[in-house]
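Peer 1: So here's model.tsv, just TSV, N, CA and C atoms:
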```
chain	number	residue	atom	x	y	z
N	1	MET	N	-13.63	-4.59	-11.47
N	1	MET	CA	-13.10	-3.30	-11.90
N	1	MET	C	-12.09	-2.77	-10.89
N	2	ARG	N	-12.46	-2.82	-9.61
N	2	ARG	CA	-11.59	-2.31	-8.56
N	2	ARG	C	-10.33	-3.16	-8.43
N	3	LYS	N	-10.50	-4.49	-8.58
N	3	LYS	CA	-9.35	-5.39	-8.49
N	3	LYS	C	-8.40	-5.17	-9.67
N	4	GLU	N	-8.95	-4.92	-10.84
N	4	GLU	CA	-8.13	-4.65	-12.02
N	4	GLU	C	-7.32	-3.36	-11.83
N	5	ARG	N	-7.95	-2.35	-11.28
N	5	ARG	CA	-7.25	-1.08	-11.01
N	5	ARG	C	-6.13	-1.29	-9.98
N	6	PHE	N	-6.40	-2.07	-8.95
N	6	PHE	CA	-5.41	-2.37	-7.92
N	6	PHE	C	-4.21	-3.10	-8.54
N	7	LEU	N	-4.47	-4.05	-9.42
N	7	LEU	CA	-3.38	-4.79	-10.08
N	7	LEU	C	-2.54	-3.87	-10.97
N	8	LYS	N	-3.18	-2.96	-11.66
N	8	LYS	CA	-2.46	-2.01	-12.50
N	8	LYS	C	-1.58	-1.09	-11.66
N	9	ILE	N	-2.08	-0.67	-10.51
N	9	ILE	CA	-1.29	0.19	-9.63
N	9	ILE	C	-0.09	-0.59	-9.07
N	10	LYS	N	-0.30	-1.85	-8.71
N	10	LYS	CA	0.82	-2.68	-8.23
N	10	LYS	C	1.86	-2.86	-9.34
N	11	LEU	N	1.41	-3.06	-10.58
N	11	LEU	CA	2.32	-3.21	-11.70
N	11	LEU	C	3.10	-1.90	-11.94
N	12	LEU	N	2.42	-0.77	-11.82
N	12	LEU	CA	3.09	0.53	-11.94
N	12	LEU	C	4.18	0.69	-10.89
N	13	LYS	N	3.89	0.30	-9.66
N	13	LYS	CA	4.88	0.38	-8.59
N	13	LYS	C	6.06	-0.54	-8.87
N	14	ALA	N	5.79	-1.73	-9.39
N	14	ALA	CA	6.87	-2.67	-9.71
N	14	ALA	C	7.74	-2.12	-10.85
N	15	ILE	N	7.11	-1.52	-11.85
N	15	ILE	CA	7.87	-0.93	-12.96
N	15	ILE	C	8.74	0.21	-12.45
N	16	LEU	N	8.18	1.06	-11.60
N	16	LEU	CA	8.95	2.17	-11.05
N	16	LEU	C	10.13	1.68	-10.21
N	17	THR	N	9.91	0.66	-9.41
N	17	THR	CA	10.98	0.09	-8.60
N	17	THR	C	12.08	-0.49	-9.48
N	18	ALA	N	11.70	-1.24	-10.51
N	18	ALA	CA	12.68	-1.81	-11.43
N	18	ALA	C	13.43	-0.71	-12.18
N	19	TYR	N	12.72	0.31	-12.60
N	19	TYR	CA	13.31	1.44	-13.31
N	19	TYR	C	14.40	2.11	-12.48
N	20	ILE	N	14.08	2.38	-11.21
N	20	ILE	CA	15.04	3.05	-10.33
N	20	ILE	C	16.21	2.13	-9.99
N	21	ALA	N	15.92	0.88	-9.64
N	21	ALA	CA	16.98	-0.06	-9.27
N	21	ALA	C	17.94	-0.30	-10.43
N	22	MET	N	17.39	-0.51	-11.63
N	22	MET	CA	18.25	-0.74	-12.78
N	22	MET	C	19.07	0.50	-13.11
N	23	ALA	N	18.48	1.67	-12.97
N	23	ALA	CA	19.23	2.90	-13.24
N	23	ALA	C	20.41	3.03	-12.29
N	24	ILE	N	20.20	2.75	-11.03
N	24	ILE	CA	21.29	2.85	-10.05
N	24	ILE	C	22.37	1.81	-10.33
N	25	ILE	N	21.98	0.59	-10.58
N	25	ILE	CA	22.95	-0.49	-10.82
N	25	ILE	C	23.73	-0.25	-12.11
N	26	ILE	N	23.03	0.03	-13.18
N	26	ILE	CA	23.69	0.17	-14.47
N	26	ILE	C	24.54	1.44	-14.52
N	27	ALA	N	24.03	2.53	-13.98
N	27	ALA	CA	24.84	3.76	-13.93
N	27	ALA	C	26.05	3.56	-13.03
N	28	GLY	N	25.87	2.84	-11.93
N	28	GLY	CA	27.00	2.55	-11.05
N	28	GLY	C	28.07	1.74	-11.75
N	29	LEU	N	27.65	0.75	-12.51
N	29	LEU	CA	28.61	-0.03	-13.30
N	29	LEU	C	29.31	0.84	-14.33
N	30	ASN	N	28.53	1.65	-15.03
N	30	ASN	CA	29.10	2.45	-16.11
N	30	ASN	C	30.03	3.54	-15.59
N	31	TYR	N	29.64	4.21	-14.53
N	31	TYR	CA	30.45	5.31	-14.03
N	31	TYR	C	31.50	4.89	-13.01
N	32	GLY	N	31.24	3.83	-12.25
N	32	GLY	CA	32.16	3.46	-11.19
N	32	GLY	C	33.09	2.31	-11.51
N	33	TYR	N	32.64	1.38	-12.32
N	33	TYR	CA	33.39	0.15	-12.56
N	33	TYR	C	34.01	0.10	-13.94
N	34	PHE	N	33.53	0.95	-14.83
N	34	PHE	CA	33.91	0.96	-16.24
N	34	PHE	C	35.42	1.09	-16.43
N	35	ASP	N	36.07	1.98	-15.69
N	35	ASP	CA	37.50	2.24	-15.86
N	35	ASP	C	38.39	1.16	-15.27
N	36	GLN	N	37.83	0.24	-14.48
N	36	GLN	CA	38.64	-0.74	-13.77
N	36	GLN	C	38.65	-2.13	-14.41
N	37	VAL	N	37.98	-2.29	-15.53
N	37	VAL	CA	37.89	-3.61	-16.16
N	37	VAL	C	38.61	-3.62	-17.50
N	38	ASN	N	38.76	-4.82	-18.04
N	38	ASN	CA	39.41	-4.94	-19.35
N	38	ASN	C	38.51	-4.34	-20.44
N	39	PRO	N	39.07	-4.03	-21.60
N	39	PRO	CA	38.30	-3.35	-22.66
N	39	PRO	C	37.06	-4.12	-23.14
N	40	GLU	N	37.12	-5.44	-23.16
N	40	GLU	CA	35.95	-6.22	-23.61
N	40	GLU	C	34.78	-6.07	-22.63
N	41	THR	N	35.09	-6.16	-21.33
N	41	THR	CA	34.05	-6.00	-20.31
N	41	THR	C	33.53	-4.56	-20.31
N	42	ALA	N	34.43	-3.60	-20.46
N	42	ALA	CA	34.02	-2.20	-20.51
N	42	ALA	C	33.09	-1.95	-21.69
N	43	SER	N	33.40	-2.56	-22.82
N	43	SER	CA	32.55	-2.43	-24.01
N	43	SER	C	31.17	-3.03	-23.76
N	44	LEU	N	31.13	-4.17	-23.09
N	44	LEU	CA	29.86	-4.81	-22.78
N	44	LEU	C	29.03	-3.96	-21.81
N	45	ILE	N	29.68	-3.42	-20.78
N	45	ILE	CA	28.98	-2.53	-19.84
N	45	ILE	C	28.43	-1.30	-20.55
N	46	ASN	N	29.23	-0.72	-21.42
N	46	ASN	CA	28.81	0.46	-22.17
N	46	ASN	C	27.63	0.13	-23.09
N	47	TRP	N	27.68	-1.01	-23.78
N	47	TRP	CA	26.58	-1.41	-24.65
N	47	TRP	C	25.31	-1.61	-23.83
N	48	PHE	N	25.44	-2.31	-22.69
N	48	PHE	CA	24.29	-2.57	-21.84
N	48	PHE	C	23.71	-1.27	-21.31
N	49	TRP	N	24.55	-0.32	-20.94
N	49	TRP	CA	24.08	0.97	-20.45
N	49	TRP	C	23.30	1.72	-21.53
N	50	HIS	N	23.83	1.74	-22.75
N	50	HIS	CA	23.12	2.42	-23.84
N	50	HIS	C	21.81	1.70	-24.17
N	51	PHE	N	21.80	0.37	-24.12
N	51	PHE	CA	20.56	-0.38	-24.36
N	51	PHE	C	19.53	0.00	-23.30
N	52	TYR	N	19.96	0.04	-22.03
N	52	TYR	CA	19.02	0.40	-20.97
N	52	TYR	C	18.53	1.84	-21.14
N	53	GLU	N	19.45	2.76	-21.38
N	53	GLU	CA	19.09	4.17	-21.50
N	53	GLU	C	18.13	4.42	-22.66
N	54	ASN	N	18.28	3.73	-23.77
N	54	ASN	CA	17.42	3.98	-24.93
N	54	ASN	C	16.21	3.05	-24.97
N	55	TRP	N	16.41	1.76	-24.96
N	55	TRP	CA	15.32	0.83	-25.19
N	55	TRP	C	14.53	0.50	-23.92
N	56	ALA	N	15.22	0.09	-22.86
N	56	ALA	CA	14.50	-0.33	-21.65
N	56	ALA	C	13.74	0.84	-21.02
N	57	LYS	N	14.37	2.01	-20.92
N	57	LYS	CA	13.67	3.16	-20.35
N	57	LYS	C	12.45	3.54	-21.18
N	58	THR	N	12.57	3.48	-22.49
N	58	THR	CA	11.44	3.83	-23.36
N	58	THR	C	10.30	2.84	-23.17
N	59	ILE	N	10.63	1.57	-23.06
N	59	ILE	CA	9.59	0.56	-22.82
N	59	ILE	C	8.92	0.81	-21.47
N	60	PHE	N	9.71	1.09	-20.43
N	60	PHE	CA	9.13	1.42	-19.12
N	60	PHE	C	8.23	2.64	-19.22
N	61	ILE	N	8.66	3.67	-19.93
N	61	ILE	CA	7.87	4.90	-20.07
N	61	ILE	C	6.56	4.61	-20.77
N	62	ILE	N	6.59	3.86	-21.85
N	62	ILE	CA	5.38	3.58	-22.62
N	62	ILE	C	4.41	2.73	-21.81
N	63	ILE	N	4.90	1.63	-21.23
N	63	ILE	CA	4.02	0.77	-20.44
N	63	ILE	C	3.47	1.52	-19.23
N	64	GLY	N	4.33	2.23	-18.52
N	64	GLY	CA	3.89	2.99	-17.35
N	64	GLY	C	2.87	4.06	-17.71
N	65	SER	N	3.08	4.74	-18.83
N	65	SER	CA	2.14	5.78	-19.25
N	65	SER	C	0.79	5.20	-19.62
N	66	PHE	N	0.79	4.08	-20.37
N	66	PHE	CA	-0.48	3.47	-20.73
N	66	PHE	C	-1.22	2.95	-19.50
N	67	LEU	N	-0.50	2.36	-18.55
N	67	LEU	CA	-1.14	1.92	-17.31
N	67	LEU	C	-1.71	3.12	-16.53
N	68	THR	N	-0.95	4.20	-16.47
N	68	THR	CA	-1.42	5.39	-15.77
N	68	THR	C	-2.67	5.96	-16.45
N	69	LEU	N	-2.67	5.99	-17.78
N	69	LEU	CA	-3.84	6.48	-18.50
N	69	LEU	C	-5.07	5.64	-18.19
N	70	GLN	N	-4.89	4.34	-17.96
N	70	GLN	CA	-6.02	3.47	-17.65
N	70	GLN	C	-6.47	3.61	-16.20
N	71	VAL	N	-5.56	4.01	-15.32
N	71	VAL	CA	-5.86	4.07	-13.89
N	71	VAL	C	-6.52	5.40	-13.49
N	72	VAL	N	-6.09	6.51	-14.09
N	72	VAL	CA	-6.60	7.82	-13.66
N	72	VAL	C	-8.07	7.97	-14.00
N	73	ASN	N	-8.75	8.71	-13.15
N	73	ASN	CA	-10.18	8.97	-13.36
N	73	ASN	C	-10.35	10.01	-14.46
N	74	LYS	N	-11.58	10.13	-14.95
N	74	LYS	CA	-11.85	11.10	-16.01
N	74	LYS	C	-12.37	12.39	-15.39
N	75	SER	N	-11.61	13.46	-15.60
N	75	SER	CA	-12.03	14.79	-15.16
N	75	SER	C	-11.24	15.80	-16.00
N	76	ALA	N	-11.55	17.06	-15.82
N	76	ALA	CA	-10.83	18.11	-16.56
N	76	ALA	C	-9.36	18.12	-16.16
N	77	ARG	N	-9.09	17.86	-14.89
N	77	ARG	CA	-7.70	17.86	-14.41
N	77	ARG	C	-6.90	16.72	-15.02
N	78	THR	N	-7.49	15.54	-15.08
N	78	THR	CA	-6.76	14.40	-15.62
N	78	THR	C	-6.68	14.43	-17.14
N	79	HIS	N	-7.55	15.22	-17.79
N	79	HIS	CA	-7.45	15.34	-19.25
N	79	HIS	C	-6.09	15.92	-19.64
N	80	MET	N	-5.65	16.96	-18.94
N	80	MET	CA	-4.35	17.55	-19.23
N	80	MET	C	-3.22	16.59	-18.88
N	81	ARG	N	-3.38	15.85	-17.79
N	81	ARG	CA	-2.39	14.85	-17.40
N	81	ARG	C	-2.25	13.79	-18.50
N	82	LYS	N	-3.37	13.37	-19.05
N	82	LYS	CA	-3.34	12.38	-20.13
N	82	LYS	C	-2.63	12.94	-21.36
N	83	ARG	N	-2.89	14.19	-21.68
N	83	ARG	CA	-2.22	14.82	-22.83
N	83	ARG	C	-0.70	14.91	-22.58
N	84	ASN	N	-0.32	15.22	-21.34
N	84	ASN	CA	1.10	15.29	-20.99
N	84	ASN	C	1.76	13.91	-21.14
N	85	LEU	N	1.09	12.86	-20.70
N	85	LEU	CA	1.64	11.51	-20.83
N	85	LEU	C	1.77	11.10	-22.30
N	86	GLN	N	0.79	11.47	-23.11
N	86	GLN	CA	0.87	11.16	-24.53
N	86	GLN	C	2.06	11.88	-25.17
N	87	GLY	N	2.26	13.14	-24.81
N	87	GLY	CA	3.42	13.88	-25.32
N	87	GLY	C	4.73	13.29	-24.83
N	88	PHE	N	4.74	12.83	-23.58
N	88	PHE	CA	5.93	12.21	-23.02
N	88	PHE	C	6.29	10.93	-23.77
N	89	ILE	N	5.29	10.13	-24.13
N	89	ILE	CA	5.53	8.91	-24.90
N	89	ILE	C	6.14	9.26	-26.25
N	90	VAL	N	5.57	10.22	-26.94
N	90	VAL	CA	6.08	10.63	-28.25
N	90	VAL	C	7.50	11.13	-28.14
N	91	PHE	N	7.77	11.99	-27.15
N	91	PHE	CA	9.11	12.52	-26.95
N	91	PHE	C	10.11	11.41	-26.64
N	92	ALA	N	9.73	10.46	-25.79
N	92	ALA	CA	10.62	9.35	-25.45
N	92	ALA	C	10.95	8.51	-26.67
N	93	VAL	N	9.96	8.24	-27.49
N	93	VAL	CA	10.22	7.44	-28.70
N	93	VAL	C	11.14	8.19	-29.66
N	94	ILE	N	10.94	9.49	-29.80
N	94	ILE	CA	11.80	10.28	-30.70
N	94	ILE	C	13.22	10.35	-30.17
N	95	VAL	N	13.38	10.69	-28.89
N	95	VAL	CA	14.72	10.91	-28.33
N	95	VAL	C	15.48	9.61	-28.10
N	96	HIS	N	14.78	8.55	-27.70
N	96	HIS	CA	15.47	7.32	-27.34
N	96	HIS	C	15.52	6.28	-28.45
N	97	LEU	N	14.62	6.33	-29.41
N	97	LEU	CA	14.58	5.29	-30.44
N	97	LEU	C	14.81	5.83	-31.85
N	98	ILE	N	13.96	6.74	-32.28
N	98	ILE	CA	14.03	7.21	-33.67
N	98	ILE	C	15.28	8.06	-33.90
N	99	GLY	N	15.53	9.04	-33.03
N	99	GLY	CA	16.70	9.91	-33.18
N	99	GLY	C	18.02	9.16	-33.22
N	100	PRO	N	18.29	8.31	-32.24
N	100	PRO	CA	19.56	7.56	-32.28
N	100	PRO	C	19.68	6.65	-33.50
N	101	ALA	N	18.56	6.07	-33.94
N	101	ALA	CA	18.61	5.20	-35.12
N	101	ALA	C	18.93	6.01	-36.39
N	102	LEU	N	18.30	7.18	-36.52
N	102	LEU	CA	18.53	8.01	-37.71
N	102	LEU	C	19.92	8.64	-37.72
N	103	LEU	N	20.40	9.06	-36.56
N	103	LEU	CA	21.68	9.76	-36.48
N	103	LEU	C	22.85	8.84	-36.14
N	104	ASN	N	22.56	7.56	-35.89
N	104	ASN	CA	23.58	6.60	-35.49
N	104	ASN	C	24.36	7.11	-34.28
N	105	ASN	N	23.63	7.62	-33.30
N	105	ASN	CA	24.23	8.18	-32.09
N	105	ASN	C	23.40	7.72	-30.90
N	106	SER	N	23.90	6.71	-30.18
N	106	SER	CA	23.14	6.17	-29.06
N	106	SER	C	23.16	7.07	-27.84
N	107	GLU	N	23.91	8.15	-27.86
N	107	GLU	CA	23.97	9.07	-26.73
N	107	GLU	C	23.16	10.35	-26.96
N	108	LEU	N	22.26	10.33	-27.90
N	108	LEU	CA	21.45	11.50	-28.22
N	108	LEU	C	20.65	11.99	-27.01
N	109	TYR	N	20.17	11.07	-26.19
N	109	TYR	CA	19.37	11.44	-25.03
N	109	TYR	C	20.13	12.34	-24.06
N	110	LEU	N	21.46	12.28	-24.07
N	110	LEU	CA	22.25	13.12	-23.17
N	110	LEU	C	22.01	14.61	-23.42
N	111	PHE	N	21.64	14.95	-24.63
N	111	PHE	CA	21.40	16.35	-24.97
N	111	PHE	C	20.01	16.82	-24.60
N	112	SER	N	19.14	15.89	-24.19
N	112	SER	CA	17.76	16.27	-23.90
N	112	SER	C	17.40	16.20	-22.42
N	113	MET	N	18.32	15.78	-21.57
N	113	MET	CA	18.02	15.70	-20.15
N	113	MET	C	19.25	16.02	-19.32
N	114	PRO	N	19.04	16.60	-18.16
N	114	PRO	CA	20.20	16.90	-17.30
N	114	PRO	C	20.73	15.63	-16.64
N	115	LEU	N	22.00	15.42	-16.76
N	115	LEU	CA	22.66	14.29	-16.13
N	115	LEU	C	23.90	14.79	-15.39
N	116	PRO	N	24.36	14.06	-14.40
N	116	PRO	CA	25.57	14.50	-13.71
N	116	PRO	C	26.76	14.50	-14.66
N	117	CYS	N	27.59	15.48	-14.50
N	117	CYS	CA	28.76	15.63	-15.37
N	117	CYS	C	29.98	15.04	-14.67
N	118	LYS	N	30.71	14.16	-15.37
N	118	LYS	CA	31.90	13.56	-14.79
N	118	LYS	C	33.01	14.59	-14.63
N	119	ASN	N	33.06	15.56	-15.53
N	119	ASN	CA	34.12	16.56	-15.49
N	119	ASN	C	33.47	17.94	-15.36
N	120	PRO	N	33.41	18.48	-14.13
N	120	PRO	CA	32.74	19.76	-13.93
N	120	PRO	C	33.40	20.91	-14.69
N	121	CYS	N	34.68	20.77	-15.02
N	121	CYS	CA	35.36	21.84	-15.76
N	121	CYS	C	34.72	22.04	-17.13
N	122	VAL	N	34.33	20.94	-17.78
N	122	VAL	CA	33.67	21.04	-19.09
N	122	VAL	C	32.34	21.75	-18.92
N	123	PHE	N	31.58	21.41	-17.89
N	123	PHE	CA	30.31	22.05	-17.62
N	123	PHE	C	30.50	23.53	-17.36
N	124	ASN	N	31.52	23.88	-16.59
N	124	ASN	CA	31.77	25.29	-16.25
N	124	ASN	C	32.20	26.10	-17.45
N	125	GLN	N	32.80	25.49	-18.45
N	125	GLN	CA	33.17	26.22	-19.67
N	125	GLN	C	31.95	26.80	-20.35
N	126	PHE	N	30.84	26.07	-20.29
N	126	PHE	CA	29.63	26.52	-20.98
N	126	PHE	C	28.70	27.32	-20.07
N	127	PHE	N	28.64	26.95	-18.79
N	127	PHE	CA	27.65	27.55	-17.91
N	127	PHE	C	28.22	28.25	-16.69
N	128	GLY	N	29.55	28.30	-16.58
N	128	GLY	CA	30.12	28.82	-15.35
N	128	GLY	C	30.74	30.13	-15.51
```
Using C-alpha coordinates, write down the structure from this file.
Peer 2:
Amino acid sequence: MRKERFLKIKLLKAILTAYIAMAIIIAGLNYGYFDQVNPETASLINWFWHFYENWAKTIFIIIGSFLTLQVVNKSARTHMRKRNLQGFIVFAVIVHLIGPALLNNSELYLFSMPLPCKNPCVFNQFFG
(Lines of atoms letter the chains of each structure in order from A and count residues from 1; the text may use other names and numbers.)
(Lines give C-alpha, C1' and ligand atoms only; values in the text may rest on other atoms or scores of the structure.)
Protein backbone atom coordinates (compact mmCIF):
# COMPACT_ATOMS: atom_id res chain seq x y z
CA MET A 1 0.00 0.00 0.00
CA ARG A 2 2.75 2.43 0.99
CA LYS A 3 4.84 1.53 -2.07
CA GLU A 4 1.83 2.06 -4.35
CA ARG A 5 1.24 5.51 -2.84
CA PHE A 6 4.93 6.38 -3.29
CA LEU A 7 4.78 5.35 -6.97
CA LYS A 8 1.67 7.46 -7.54
CA ILE A 9 3.37 10.48 -5.97
CA LYS A 10 6.44 9.96 -8.18
CA LEU A 11 4.16 9.72 -11.23
CA LEU A 12 2.40 12.94 -10.18
CA LYS A 13 5.76 14.70 -9.92
CA ALA A 14 6.77 13.40 -13.36
CA ILE A 15 3.48 14.60 -14.87
CA LEU A 16 3.91 18.02 -13.30
CA THR A 17 7.49 18.28 -14.56
CA ALA A 18 6.44 17.27 -18.09
CA TYR A 19 3.49 19.68 -17.95
CA ILE A 20 5.71 22.63 -17.02
CA ALA A 21 8.57 21.75 -19.38
CA MET A 22 6.25 21.25 -22.36
CA ALA A 23 4.41 24.48 -21.60
CA ILE A 24 7.67 26.44 -21.58
CA ILE A 25 9.03 24.80 -24.74
CA ILE A 26 5.83 24.94 -26.77
CA ALA A 27 4.90 28.46 -25.68
CA GLY A 28 8.46 29.54 -26.43
CA LEU A 29 8.20 28.11 -29.92
CA ASN A 30 4.80 29.64 -30.49
CA TYR A 31 5.55 33.10 -29.14
CA GLY A 32 9.27 33.41 -29.87
CA TYR A 33 9.99 31.39 -33.00
CA PHE A 34 6.65 31.49 -34.80
CA ASP A 35 7.30 34.77 -36.67
CA GLN A 36 10.76 33.71 -37.87
CA VAL A 37 9.90 30.56 -39.83
CA ASN A 38 8.22 29.79 -43.13
CA PRO A 39 4.40 29.55 -43.18
CA GLU A 40 4.34 25.72 -43.25
CA THR A 41 6.51 25.44 -40.14
CA ALA A 42 4.55 28.23 -38.44
CA SER A 43 1.33 26.36 -39.17
CA LEU A 44 2.78 23.17 -37.70
CA ILE A 45 3.96 25.00 -34.55
CA ASN A 46 0.54 26.61 -34.16
CA TRP A 47 -1.26 23.26 -34.61
CA PHE A 48 1.05 21.60 -32.09
CA TRP A 49 0.51 24.44 -29.60
CA HIS A 50 -3.28 24.16 -29.88
CA PHE A 51 -3.07 20.36 -29.54
CA TYR A 52 -0.98 20.74 -26.39
CA GLU A 53 -3.19 23.49 -24.94
CA ASN A 54 -6.41 21.54 -25.48
CA TRP A 55 -5.71 17.81 -25.52
CA ALA A 56 -2.39 17.23 -23.73
CA LYS A 57 -3.15 19.61 -20.85
CA THR A 58 -6.59 18.06 -20.37
CA ILE A 59 -5.08 14.57 -20.26
CA PHE A 60 -2.49 15.76 -17.72
CA ILE A 61 -5.25 17.37 -15.64
CA ILE A 62 -7.44 14.26 -15.65
CA ILE A 63 -4.63 11.79 -14.90
CA GLY A 64 -3.11 14.07 -12.26
CA SER A 65 -6.47 14.65 -10.59
CA PHE A 66 -7.33 10.95 -10.46
CA LEU A 67 -3.89 10.15 -9.02
CA THR A 68 -4.29 12.92 -6.45
CA LEU A 69 -7.74 11.62 -5.50
CA GLN A 70 -6.17 8.20 -4.87
CA VAL A 71 -3.25 9.59 -2.87
CA VAL A 72 -5.00 11.99 -0.47
CA ASN A 73 -6.23 10.70 2.86
CA LYS A 74 -9.90 10.65 3.79
CA SER A 75 -10.96 13.50 6.05
CA ALA A 76 -13.39 16.42 6.03
CA ARG A 77 -10.64 18.66 4.66
CA THR A 78 -9.79 16.38 1.76
CA HIS A 79 -13.47 15.85 0.94
CA MET A 80 -13.68 19.44 -0.31
CA ARG A 81 -10.36 19.05 -2.12
CA LYS A 82 -11.75 15.99 -3.90
CA ARG A 83 -14.88 17.91 -4.91
CA ASN A 84 -12.68 20.74 -6.25
CA LEU A 85 -10.63 18.28 -8.32
CA GLN A 86 -13.79 16.71 -9.73
CA GLY A 87 -15.06 20.16 -10.72
CA PHE A 88 -11.67 20.98 -12.23
CA ILE A 89 -11.82 17.84 -14.39
CA VAL A 90 -15.31 18.71 -15.64
CA PHE A 91 -14.31 22.32 -16.35
CA ALA A 92 -11.15 21.21 -18.21
CA VAL A 93 -13.11 18.80 -20.39
CA ILE A 94 -15.72 21.46 -21.21
CA VAL A 95 -13.25 24.29 -21.91
CA HIS A 96 -10.53 22.29 -23.65
CA LEU A 97 -12.42 19.52 -25.46
CA ILE A 98 -16.19 19.89 -25.74
CA GLY A 99 -16.35 23.68 -26.21
CA PRO A 100 -13.74 23.91 -28.97
CA ALA A 101 -15.27 20.91 -30.77
CA LEU A 102 -18.79 22.38 -30.66
CA LEU A 103 -17.76 25.93 -31.56
CA ASN A 104 -14.94 24.97 -33.96
CA ASN A 105 -12.65 27.33 -32.04
CA SER A 106 -9.43 25.81 -30.69
CA GLU A 107 -8.62 29.03 -28.81
CA LEU A 108 -11.68 28.95 -26.55
CA TYR A 109 -9.50 28.32 -23.48
CA LEU A 110 -7.96 31.79 -23.91
CA PHE A 111 -11.23 33.29 -22.66
CA SER A 112 -11.23 31.19 -19.50
CA MET A 113 -7.74 31.77 -18.12
CA PRO A 114 -5.33 34.66 -17.78
CA LEU A 115 -2.46 34.51 -20.24
CA PRO A 116 0.24 37.02 -21.10
CA CYS A 117 -0.86 39.48 -23.74
CA LYS A 118 1.42 40.01 -26.74
CA ASN A 119 0.00 43.48 -27.32
CA PRO A 120 -0.55 45.37 -24.04
CA CYS A 121 -2.38 48.15 -25.90
CA VAL A 122 -5.25 45.76 -26.65
CA PHE A 123 -5.37 44.75 -22.98
CA ASN A 124 -5.35 48.40 -21.89
CA GLN A 125 -8.31 49.20 -24.15
CA PHE A 126 -10.48 46.93 -22.04
CA PHE A 127 -8.89 47.15 -18.60
CA GLY A 128 -6.68 50.21 -18.58
Peer 1: Please report as a tab-separated table every residue of stretch 24-75 of chain N lying within 7 Å of stretch 83-99 of chain N, along with the nearest atom pair and their distance in Å (one decimal), using all atoms listed in the file.
Peer 2:
```
residue	atom	partner	partner_atom	distance
N:Glu53	C	N:His96	CA	6.1
N:Asn54	CA	N:His96	CA	4.6
N:Trp55	N	N:His96	C	5.8
N:Thr58	CA	N:Ala92	C	5.8
N:Ile61	C	N:Ile89	CA	6.1
N:Ile62	CA	N:Ile89	CA	5.8
N:Ser65	CA	N:Leu85	CA	6.0
```
Peer 1: Smallest atom-to-atom distance to N:Trp49: which of N:Asn104, N:Thr17, N:Asn30, N:Thr78, using all atoms listed in the file?
Peer 2: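 Going through N:Asn104, N:Thr17, N:Asn30, N:Thr78 one by one, the smallest distance to N:Trp49 is for N:Asn30.
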Peer 1: Quick check, in Å to one decimal: how far apart do atom N of N:Arg2 and atom CA of N:Ala18 lie?
Peer 2: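 Answer for the atom N of N:Arg2 to atom CA of N:Ala18 separation: 25.2 Å.
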Peer 1: Would you give me, as a PyMOL selection string, the residues in chain N that DSSP reads as alpha helix (DSSP H)?
Peer 2: chain N and resi 2-28+39-51+57-71+76-93+99-103+120-127
Peer 1: Could you tell me which of N:Gly64, N:Ser106, N:Met80, N:Lys10 comes closest to N:Phe51 if we count only N, CA and C atoms?
Peer 2: N:Ser106
Peer 1: Atom C of N:Gln36 and atom CA of N:Glu107 are how many Å apart?
Peer 2: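 Here the two named atoms are 22.2 Å from each other.
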Peer 1: For atom CA of N:Gln70 and atom CA of N:Arg5, quote the distance in Å rounded to one decimal.
Peer 2: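 The value is 8.1 Å.
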